[in-house]
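Novice: Attaching a single structure in structure tokens format; questions to follow.
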Amino acid sequence: MRYQVRHITKYKYASNVSHCYNLANLMPRNTARQNCLESKMMVSPQETHANKRTDYFGNHSYHFEIQTPHNELIITAESLVDVAESRSDLTQSSEISYADALSFLKLQPSLEVIQAREFCLDSPMIKASTELAEYASPSFSLSRPLYACVEELTSRIFQDFSYTPGFTNISTPLAEVLAHRKGVCQDFAHLQIGCLRAMGIPAKYVSGYMETLPPPGQEKLVGADATHAWIAYYSPKEGWIEFDPTNDVRAGSQHIVTAEGRDYYDVTPLKGVIFGGGKSPILAVSVDVARKPEGFMSR
Amino acid sequence: MSDPIYPQNQPIPQPQLQMQAQSQAQTQGQSQASQSLHYNRPTPGIPDQVYSADGVIKPEWDYLLNSLNNLGASALKERQDKARRILRDDGVTYNIYAENASPNGQWELDLVPAMIGSEAWAVIESGLLERAELFNLMLRDFYGERTLLKQHALPPEALFGHGGFLRACQGIKIPGEHELILHSADMVQRPDGSMCVLSDRTQAPSGAGYVLENRTVMSRVFPSLFRDSHVHRLASFFQRLRHKLISLSPSDSQARVVVLTPGAHNETYFDHSYISNYLGFPLVQSGDLVVRNGFVWMKSLDGLDRVDVILRRVDDVSCDPVELRSNSQLGVPGLLDVVRAGRVIMANPIGSGVLENPILLKYLPAISKTLLGREPRLDSVKTYWCGDADDLKFVTAHFKQLIIKPIYRGQNLNSVFGGDLNPADAADLLAKIRHQPTQFVAQERIDKPHIPTLIKGALEPRPAILRTFSVAADNSYIVMPGGLTRVGNNVNSPIISMQAGCPSKDTWITASEPERTSDNEATELGNTELEASLMSIPSRVIENLFWMGRYAERAEASLRILRTVFIMLNDERAISKASQRILLRSITEVTGTHPGFLQASDEQLDNPEQELLLIIKDGTRAGSIRSTLNSLLYCADESKELLSSDTIRVINDIRDALDDLDSTLANGLSSAPEEDLDPLVIPLIALSGLMQESMVRGVGWHFMDMGRRVERGVQIMKTVTTLATQTGDDGDNQTLLNAMLRSMEVFITYRRHSRTRSGIELGLELVILDDSNPRSLIFQFERLQQHFTTVRTMDSNLKGLEEEDRVLLEAVTHLKLSRIATLAESKDKTRTELSTLLSRLNILLSDFSNILSSRYFEHRMDPQQLVTTTWED
């Protein structure tokens, strides 16, 4: 599937910002099932210096500096991405059991396993806790296929937690999400990652977009789409497999990846330091994910 | 030679050495009558650096102990006092702003050096060279290929789980053979004489400045002992460091190197300022640097100067709030992106803190085999990692015999000795370990060997550790021949740290014959370069000099008005109540301690002592003497690198006098209180003399003196306004005129002139219009004009008549056109003309100060985060 994604971030400040230094993770990366054909960043006011690089996790970071005083910052990321369905050979018939996966991770440290083990450790926003282990463990019995364990965990999170925008923000601790069983996609992703790591399974955070379809017979509204987040876990021999706990599905051709990391901290869409700006800047984000015919190019 | 302190099997000292020792004792006028200094053979079982295993004094200690013994305890005490004075005069401090710091944060130097023979040192040195190389290769590997993980030399969790592994630093490369520029190790000697490393310092190792200062003091206090001991010199190490830093520059033009410090509040600020001065590189703080257009720049008076190399004393995670710790005030936003682009070089590179991970010590043999093909020569302390199942079992079983350490500093957890914990705390710590086993190591406790230390006139054994310093040079490293030895406060001190106020020692590597001096002392590293480019020192430093001038003048003016009023209130000739009140109000005005006497009740005005005491010593009150002097001291700290050593000495006198102020004023103001202020007045006068006589007429001096002139002008106007714009009866007028003349130091001149003329007209002429009086108002404005004219020649941005010129010209014109008779005229008890003139001049002076400040000093807004990430840390 080919998508054109337009992601607009707007900050309105109470007073002038004289300078700012920002880091954006808004340009989609390539993955096993995704190929980013084009990606461009537009910043207003015009950046005085910018630098694009591939970060530690393989994401495309965009660093920029603005020297023009401004009270409104608009960052537009426009990308064209080809996304494939998740690999079909992975189904419930997958054979590796949870027990085998654990011993493989521990005893057969291939290069890939060594790299994956980084994602078993605590990360800035996800810390091991007994609560997470207790929540996860009913789905993980040693003889069961790992895939089935994770699939069930995904479904349980989907059923047990209610999608409640506004209840949490990016700094809400995981313990609170777990206690109130409410949150949004990034909370559920963090939660599932924490559960998987507690079970000894490497898991990472995937940020991106999901194509939404309007109700039958209606036009799709501009800006109606949103950023999204889900997870990927590492299964020895099978590689990284993505699940979306917010929608209780394997991430597939409607899931467009922007960046991957240990948690939200590693892939924050836009962060930075501003000089001036006054208190409480107002943030507005609008996202459009448009399906495009094969062969479509923006220029 | 029948010295009772030597054990029987002590070899007889070389006759030649003996003669030297005697001649030294004679030349220093010591007699054997003075108490001799013994360092007894320790009880067996406790390691001691002086005695070898079979109880013989090692040769490198022999000569030293002999000489000290000949010198005698009382002479040694005198030299210890002398050393303390030198350290104090040089302003050597540690942790000066800590709440529970040792008094004044004075740096403690024990006069008995730690001795290491050249043969033993050669072994240590080769071990350190190899270790620095090993750590360099590790650093490259961790942020590059991570071969060590792939080859199973190190478990992935040991690297990935360490807080110092900064993923944002992946792929940083710097020019030259090495990624790691500086390596330091803390080590102790084992009973068998071999050295054992306790920890490595690889982020921003501090202490080299203290080593230099210790050495300077030792060579001054013991000139002949030092010379005759053939001690290896330190200078070449610093030359190599300087050379290395310059060679790192990515730019083709002349390299600009700066030293980045967290600021005067940092515990080792002295070290930073000393090193920067010694190497001749500007000392900068976070606010002095800025990222623009993909480069790092230093803000100086003439704009932005590009920075090529940064020797940093700021921790890794604090270096850049955009990508690293977001709440850091010590970093430069955007710095890391410039670093990755190779447009500025950091030494050590950001991310090098990953090498301080103590888990590495456990795996060092395997790592060394992988990277160097052999096990390391230098041992490390036996380390157990709780992330390893077997080690965790061992640690749990031997908890009480081990030192438990978090793998990453800055987690609010310190290392503790398991045996010191009570059962509850031990259980608590064990629970933490089980919760996060990968985050802890345990290490064996090594008995630190004793070395002799001067305690109350006797040589006592104290445990010691040594910090060494290595710097990358060409294709190898250079180890400083010496280091920072620190000794415990007690014979059994388990922890030896600068934070605990432990004394330091110079470390002497002795050679069998004198070192050839040709290649070592050839170049005297001075601050010549710094002076040549005065326009390019950070504008913050200049701003602090400007304010130092202002505060010094404000303190002087405040003290003078206080002294004047004290004398007049206690004068045998009684003064009227009305005059008394005006005098007290003038104190409030000059010091700026409003409301003070301005809104005081009659009763308070009749009993002013309480308020007067507060005006002197209440540091929490803006404008008080103490508060103004504290501000002065802070500005001096911030601009230390431009102050002469005499100036620093005088600054220390002010600090001491402030510390003594409470005891000086313990009896209130009952008897000749003006005398009690002398300990403050005298160093201030000395300071003002030094500012005139000991400062190079660079841009720093011009701004400092402009600060002084602006403040003096302000104070003259306040004093004249309070004391002379209102008139009363003749007696009062005379009293207030006297007060004005006294507080402005023109009383004598007035009396001399008064044979021909007298009264208010003469008084006003002296304090306002007499351009030959350095305390007159017109003198201040004319001086400011001269200064600004000079600044113009230095600043290529200035053209034509600037705002500053206009303002000053208007002021001087007003003054020159005034007539004394008109100014002195009083109608309805008010000198209207005088009052009008002064208020106009006041506005002009304050305009001048503001225009100058906004042109040259930065008034930057505080940075804030776009996204608040409260889960960090």
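Naming scheme: A, B, ... for chains in displayed order of the structure tokens; residues 1 onward per chain; ligands 1 onward as shown.
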Quick one: which chain A residues come within 8 Å of chain B, and what is the nearest atom pair for each with the distance in Å to one decimal, counting only C-alpha atoms, rows ordered by chain and ascending number, as JSON lines?

Specialist:
```
{"residue": "A:Tyr21", "atom": "CA", "partner": "B:Gly334", "partner_atom": "CA", "distance": 6.1}
{"residue": "A:Asn22", "atom": "CA", "partner": "B:Val322", "partner_atom": "CA", "distance": 6.9}
{"residue": "A:Leu23", "atom": "CA", "partner": "B:Val322", "partner_atom": "CA", "distance": 7.4}
{"residue": "A:Thr48", "atom": "CA", "partner": "B:Asn293", "partner_atom": "CA", "distance": 6.3}
{"residue": "A:His49", "atom": "CA", "partner": "B:Asn293", "partner_atom": "CA", "distance": 5.1}
{"residue": "A:Ala50", "atom": "CA", "partner": "B:Gly294", "partner_atom": "CA", "distance": 7.9}
{"residue": "A:Asp55", "atom": "CA", "partner": "B:Ala168", "partner_atom": "CA", "distance": 7.1}
{"residue": "A:Tyr56", "atom": "CA", "partner": "B:Arg167", "partner_atom": "CA", "distance": 5.9}
{"residue": "A:His63", "atom": "CA", "partner": "B:Asp337", "partner_atom": "CA", "distance": 7.6}
{"residue": "A:Glu65", "atom": "CA", "partner": "B:Asn293", "partner_atom": "CA", "distance": 7.5}
{"residue": "A:Ser110", "atom": "CA", "partner": "B:Lys150", "partner_atom": "CA", "distance": 7.8}
{"residue": "A:Leu111", "atom": "CA", "partner": "B:Lys150", "partner_atom": "CA", "distance": 6.0}
{"residue": "A:Ile114", "atom": "CA", "partner": "B:Pro156", "partner_atom": "CA", "distance": 6.1}
{"residue": "A:Gln115", "atom": "CA", "partner": "B:Pro156", "partner_atom": "CA", "distance": 7.7}
{"residue": "A:Arg117", "atom": "CA", "partner": "B:Pro156", "partner_atom": "CA", "distance": 7.0}
{"residue": "A:Glu118", "atom": "CA", "partner": "B:Phe160", "partner_atom": "CA", "distance": 5.7}
{"residue": "A:Leu121", "atom": "CA", "partner": "B:Gly161", "partner_atom": "CA", "distance": 6.5}
{"residue": "A:Asp122", "atom": "CA", "partner": "B:Gly161", "partner_atom": "CA", "distance": 7.6}
{"residue": "A:Pro124", "atom": "CA", "partner": "B:Glu872", "partner_atom": "CA", "distance": 6.3}
{"residue": "A:Met125", "atom": "CA", "partner": "B:Trp871", "partner_atom": "CA", "distance": 6.2}
{"residue": "A:Ile170", "atom": "CA", "partner": "B:Thr869", "partner_atom": "CA", "distance": 7.7}
{"residue": "A:Ser171", "atom": "CA", "partner": "B:Thr870", "partner_atom": "CA", "distance": 5.9}
{"residue": "A:Pro173", "atom": "CA", "partner": "B:Trp871", "partner_atom": "CA", "distance": 7.6}
{"residue": "A:Leu270", "atom": "CA", "partner": "B:Val867", "partner_atom": "CA", "distance": 7.8}
{"residue": "A:Lys271", "atom": "CA", "partner": "B:Leu866", "partner_atom": "CA", "distance": 5.7}
{"residue": "A:Gly272", "atom": "CA", "partner": "B:Val322", "partner_atom": "CA", "distance": 4.9}
{"residue": "A:Val273", "atom": "CA", "partner": "B:Gln865", "partner_atom": "CA", "distance": 4.7}
{"residue": "A:Ile274", "atom": "CA", "partner": "B:Gln864", "partner_atom": "CA", "distance": 5.4}
{"residue": "A:Phe275", "atom": "CA", "partner": "B:Pro863", "partner_atom": "CA", "distance": 4.5}
{"residue": "A:Gly276", "atom": "CA", "partner": "B:Met861", "partner_atom": "CA", "distance": 5.8}
```

Novice: Filtering to C-alpha atoms, could you give me those residues as a short mmCIF file (atom, residue, chain, number, x, y, z; two decimals), in the first residue's frame?

Specialist:
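What ended up in result.cif:
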```
data_model
loop_
_atom_site.label_atom_id
_atom_site.label_comp_id
_atom_site.auth_asym_id
_atom_site.auth_seq_id
_atom_site.Cartn_x
_atom_site.Cartn_y
_atom_site.Cartn_z
CA TYR A 21 17.07 24.16 19.00
CA ASN A 22 14.90 21.23 18.08
CA LEU A 23 15.11 17.56 17.33
CA THR A 48 18.92 28.79 10.03
CA HIS A 49 20.69 25.50 10.30
CA ALA A 50 19.52 21.94 9.91
CA ASP A 55 20.31 7.77 14.96
CA TYR A 56 21.42 4.88 17.14
CA HIS A 63 17.99 18.66 14.01
CA GLU A 65 18.00 25.73 14.80
CA SER A 110 23.86 -14.61 18.25
CA LEU A 111 24.53 -11.10 17.03
CA ILE A 114 22.78 -9.62 21.65
CA GLN A 115 21.24 -6.58 20.02
CA ARG A 117 18.68 -8.05 24.66
CA GLU A 118 19.09 -4.29 24.94
CA LEU A 121 16.28 -3.73 30.10
CA ASP A 122 14.63 -0.82 31.84
CA PRO A 124 13.77 5.93 30.57
CA MET A 125 9.98 5.57 30.77
CA ILE A 170 3.20 11.78 28.23
CA SER A 171 4.54 11.99 31.76
CA PRO A 173 3.76 6.89 35.10
CA LEU A 270 9.54 16.86 18.51
CA LYS A 271 11.59 18.07 21.40
CA GLY A 272 13.99 20.89 22.04
CA VAL A 273 15.00 23.95 23.95
CA ILE A 274 13.50 27.38 23.37
CA PHE A 275 14.61 30.76 24.63
CA GLY A 276 11.68 32.89 25.65
#
```

Novice: Nearest to Leu196 in chain A: which of A:Ile126, A:Leu80, A:Ile282, A:Gln254 is it, counting only C-alpha atoms?

Specialist: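 Checking each candidate against Leu196 in chain A, we get A:Ile126 as the closest.
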
Novice: Which of range 60-204 of chain A counts as helix (DSSP H, G or I) under DSSP, as a ChimeraX atom specification please?

Specialist: /A:98-107,111-120,130-139,146-160,174-180,185-198

Novice: With only C-alpha atoms as the counted atoms, please give the residues lying no more than 9 Å from Arg6 in chain A, apart from itself and same-chain residues fewer than 6 positions off, as a count of residues only.

Specialist: 10

Novice: With only C-alpha atoms as the basis for distance, which of A:Ser139, A:Ser129, A:Thr9, A:Asn51 is at the shortest distance from Leu191 in chain A?

Specialist: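 Of the candidates, the smallest distance to Leu191 in chain A is held by A:Ser129.
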
Novice: For Leu87 in chain B, which of B:Leu690, B:Leu212, B:Val50, B:Ala431 is the closest residue, counting only C-alpha atoms?

Specialist: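 Distance minimum relative to Leu87 in chain B lands on B:Leu212.
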
Novice: Counting only C-alpha atoms, what is within 9 Å of Lys204 in chain A, bar same-chain residues fewer than 6 positions away, as a list in words?

Specialist: Phe119, Cys120, Ala189, His190, Ile193, Trp230, Ile231, Ala232, Tyr233, Tyr234, Glu260, Gly261, Arg262 and Asp263 of chain A

Novice: Show me, as a VMD selection string, the residues that have an atom within 10 Å of Asn247 in chain A when counting only C-alpha atoms, minus same-chain residues fewer than 4 positions from it.

Specialist: chain A and resid 154 to 155 157 to 159 163 185 230 243 251

Novice: I'd like the neighbourhood of range 218-233 of chain B as a PyMOL selection string, where a residue qualifies if any of its atoms comes within 6 Å (using only C-alpha atoms), though same-chain residues fewer than 5 positions away should be ignored.

Specialist: chain B and resi 508-511+514
